[in-house]
Amino acid sequence: MSEPLNARSAAITTGPTRAAARSYYKAIGFSEEDLRKPIIGIANTWIGTMPCGYNMRGLAEHVARGIREAGGTPMEFNTIAISDGITMGTEGMKASLVSREVIADSIELTCRGYQFDALVALVACDKTGPGAAMAMARLNIPSVILYGGSIAPGRYKERDITVVDVFEAIGAYGAGKIDATELRAIEDAACPGAGACGGQFTANTMATAFEFLGLSPIGSSSPGATDPRKDAEGYRAGQIVLDLLRRGVRPLDLLTPASFENAIASAAGMGGSTNVVLHLLALAREAGIPLALEDFDRVSKRTPIIADLKPGGNYTALDVDKAGGVALVAQRLLAGGLVDGSVLTPTGKTLAEEAALAVETPGQVVVTHAEHPFKPTGGLVILRGSIAPEGSVVKIAGHERTYHRGPARIFECEEAAMAAVQAAQIAPGDVLVIRYEGPKGGPGMREMLGVTSAIVGAGLGESVALITDGRFSGATRGLMIGHVAPEAAVGGVIALIREGDIIEIHIDERRLDLLGVDAAELERRRAAWSAPAPRYTSGVFAKYAAMVASAADGAITRAVGL
């Protein structure tokens, strides 16, 4: 006999001993009939501090309606969200990656506490999606992720702009290329309403990856946050989660080695964010799927860039929607033999079956064919070498140089590097080294969109390079290498580089090396090095620093001793 659909929640709601629990539920409007149905959690990452998921209060109502009409009882709860765009370049940015773990933990805790039978997670800003996915892998109850949708592009001087244009305008203003009036005009125009960052930055990269992983329905991420079709996707997500529950399909049935390779291919083929490396590694660890840095390089090397998207290209995520959506991208990747079409999606159809339903808009120029790509190989490149023996990550999505050799300019934090750029103290050929910004050293592995955009805005994007044990926004462009591991705080070689040392970056050979410093000199430097005092000795940052793993392992947190 099959298990009842409310098997988990019945432990909370059924029988004489659960009368007190039922009385609490009835106090907030649930009926006896409601409590006999399967109870479906709606994890909402809405927060009143940013536009990314500002539409999701209303979206949750459509999800709840879909759940009710499919025979379930919805119960909504909130978790947190940190805006990378708002906190960028400040101490607050250290909270961003830490929030991924808090989001995962809070969703897991709520679902275990109330013993929900299934889950829908509404996500938007960068860490909400990965955090929700990690919780789903831990819980392994029928689950769906629904992306709240992309922001519409702003308009300035007859062209589409995004928040990246604001960051680059800050650099241009610092370099004296624009005045304060123009900076304010760009600021006022860039973000016209609700939704997550408009280009193929981290939020859109991960939303696409979730469709290829099987955690989101194909096509659900494509409509923008303010598009009326998003409400229909909310209703559909509520219906689909009940169908998953009835079929007994759980996240670990859908998260397979093949689906992870598909997700990597989707990110590589669309010129997506380097953060996909960090987040897919973390999710794979939660799901028990073997995944290594080299898998990203291997898949990316065979996957051409088939979407002309910002920051390396010309168009925004909503242009993908107008062209035919993620389903069209899947169709083109399948036609090129670049993904496995047999993997299952939440609807029960295979990826190939869903992709066959794609409708291309005649004359669209955003998504091309694999045999006529915008670039012959994907953008995700893994570098190793004397500076990064455990690996580092760079995105080569446009026309970046593949070789750079220059003197190191050492900065012990992001703010120091930003001040040097704004003071015109960086010269063509330099290699900026920003260290002690890794998972432990930051703590929290800050994104560096502020300084990388300032470099571009100052006109140095084609002549300098940057390496860091921190990370980058999906909006970063240029020869910017992050996730250097081991990080400086644990004595990685990046901590031993000195001002003026020569650094060589060789993309084609996948190398990041310190030149002219032999092993004996490195040992002398190491003997003189001492670990810095922790920046935080109490609270969440201190706990995170004590528990976090290397970026090469997804910067996941683990209980001490496990």
# chains A, B, ... in the order shown; residues from 1 in each chain; ligands from 1

$ residues_around --residues "Val484 of chain A" --least-positions-apart "5" --cutoff "9 Å" --atoms "only C-alpha atoms" --output "PyMOL selection string"
chain A and resi 383-384+387-393+438+467-471+492+494+551-552

$ write_last_selection --atoms "C-alpha atoms" --output "compact mmCIF listing (two decimals), in the first residue's frame"
# COMPACT_ATOMS: atom_id res chain seq x y z
CA LEU A 383 43.33 27.73 -13.69
CA ARG A 384 45.88 26.00 -11.51
CA ILE A 387 49.54 30.52 -7.03
CA ALA A 388 46.42 28.32 -7.12
CA PRO A 389 47.34 24.65 -6.63
CA GLU A 390 43.74 23.91 -5.53
CA GLY A 391 42.35 25.93 -8.43
CA SER A 392 40.93 29.31 -9.40
CA VAL A 393 38.12 30.46 -11.70
CA GLY A 438 38.38 34.28 0.94
CA ILE A 467 43.49 37.93 -8.89
CA THR A 468 41.80 37.33 -5.56
CA ASP A 469 40.80 34.66 -3.08
CA GLY A 470 37.45 36.43 -3.05
CA ARG A 471 34.93 36.15 -5.85
CA GLY A 492 48.04 29.89 0.48
CA ILE A 494 48.59 34.23 -2.61
CA ALA A 551 36.23 27.65 -2.36
CA ALA A 552 37.48 24.59 -4.27

$ closest_atom_pairs --of "segment 49-130 of chain A" --to "segment 213-237 of chain A" --cutoff "6 Å" --atoms "only C-alpha atoms" --output "CSV"
residue,atom,partner,partner_atom,distance
A:Leu59,CA,A:Asp231,CA,5.8
A:His62,CA,A:Tyr235,CA,4.8
A:Val63,CA,A:Gly234,CA,4.5
A:Gly66,CA,A:Tyr235,CA,4.3

$ residues_around --residues "segment 333-337 of chain A" --least-positions-apart "3" --cutoff "8 Å" --atoms "only C-alpha atoms" --output "ChimeraX atom specification"
/A:266,269,329-330,340-341,352,369-371

$ residues_around --residues "Thr368 of chain A" --least-positions-apart "6" --cutoff "10 Å" --atoms "only C-alpha atoms" --output "MDAnalysis selection string"
chainID A and resid 305:308 328:329 332:333 374

$ residues_around --residues "Met448 of chain A" --least-positions-apart "6" --cutoff "9 Å" --atoms "only C-alpha atoms" --output "list in words"
Met88, Gly89, Glu414, Gly470, Arg471, Phe472, Ser473 and Thr476 of chain A

$ closest_residue --among "A:Ser342, A:Ala95, A:Ile507, A:Ala423" --to "Gly539 of chain A" --atoms "only C-alpha atoms"
A:Ala95

$ closest_residue --among "A:Asp105, A:Glu182, A:Asp319, A:Glu61" --to "Ile151 of chain A" --atoms "only C-alpha atoms"
A:Asp319

$ select_by_dssp --residues "segment 20-116 of chain A" --states "alpha helix (DSSP H)" --output "ChimeraX atom specification"
/A:20-27,32-36,56-69,84-87,94-114

$ closest_residue --among "A:Glu32, A:Asp513, A:Glu211, A:Asp160" --to "Ala19 of chain A" --atoms "only C-alpha atoms"
A:Glu32

$ residues_around --residues "Asn262 of chain A" --least-positions-apart "2" --cutoff "9 Å" --atoms "only C-alpha atoms" --output "PyMOL selection string"
chain A and resi 209+212-213+257-260+264-267+299+338-341+343

$ write_last_selection --atoms "C-alpha atoms" --output "PDB file, in the first residue's frame"
ATOM      1  CA  ALA A 209      20.848  26.019 -14.194  1.00  0.00           C
ATOM      2  CA  PHE A 212      18.597  22.026 -16.465  1.00  0.00           C
ATOM      3  CA  LEU A 213      19.078  20.366 -13.049  1.00  0.00           C
ATOM      4  CA  PRO A 257      25.682  13.497 -12.646  1.00  0.00           C
ATOM      5  CA  ALA A 258      24.057  14.042 -16.048  1.00  0.00           C
ATOM      6  CA  SER A 259      21.817  16.851 -14.801  1.00  0.00           C
ATOM      7  CA  PHE A 260      24.793  18.600 -13.202  1.00  0.00           C
ATOM      8  CA  ILE A 264      27.250  23.462 -16.296  1.00  0.00           C
ATOM      9  CA  ALA A 265      26.692  23.429 -20.057  1.00  0.00           C
ATOM     10  CA  SER A 266      23.797  25.870 -19.702  1.00  0.00           C
ATOM     11  CA  ALA A 267      25.986  28.284 -17.755  1.00  0.00           C
ATOM     12  CA  VAL A 299      32.241  20.838 -20.030  1.00  0.00           C
ATOM     13  CA  LEU A 338      25.987  19.313 -25.795  1.00  0.00           C
ATOM     14  CA  VAL A 339      23.491  18.154 -23.139  1.00  0.00           C
ATOM     15  CA  ASP A 340      21.791  14.896 -22.205  1.00  0.00           C
ATOM     16  CA  GLY A 341      18.153  15.091 -23.317  1.00  0.00           C
ATOM     17  CA  VAL A 343      17.254  13.657 -17.952  1.00  0.00           C
TER      18      VAL A 343
END
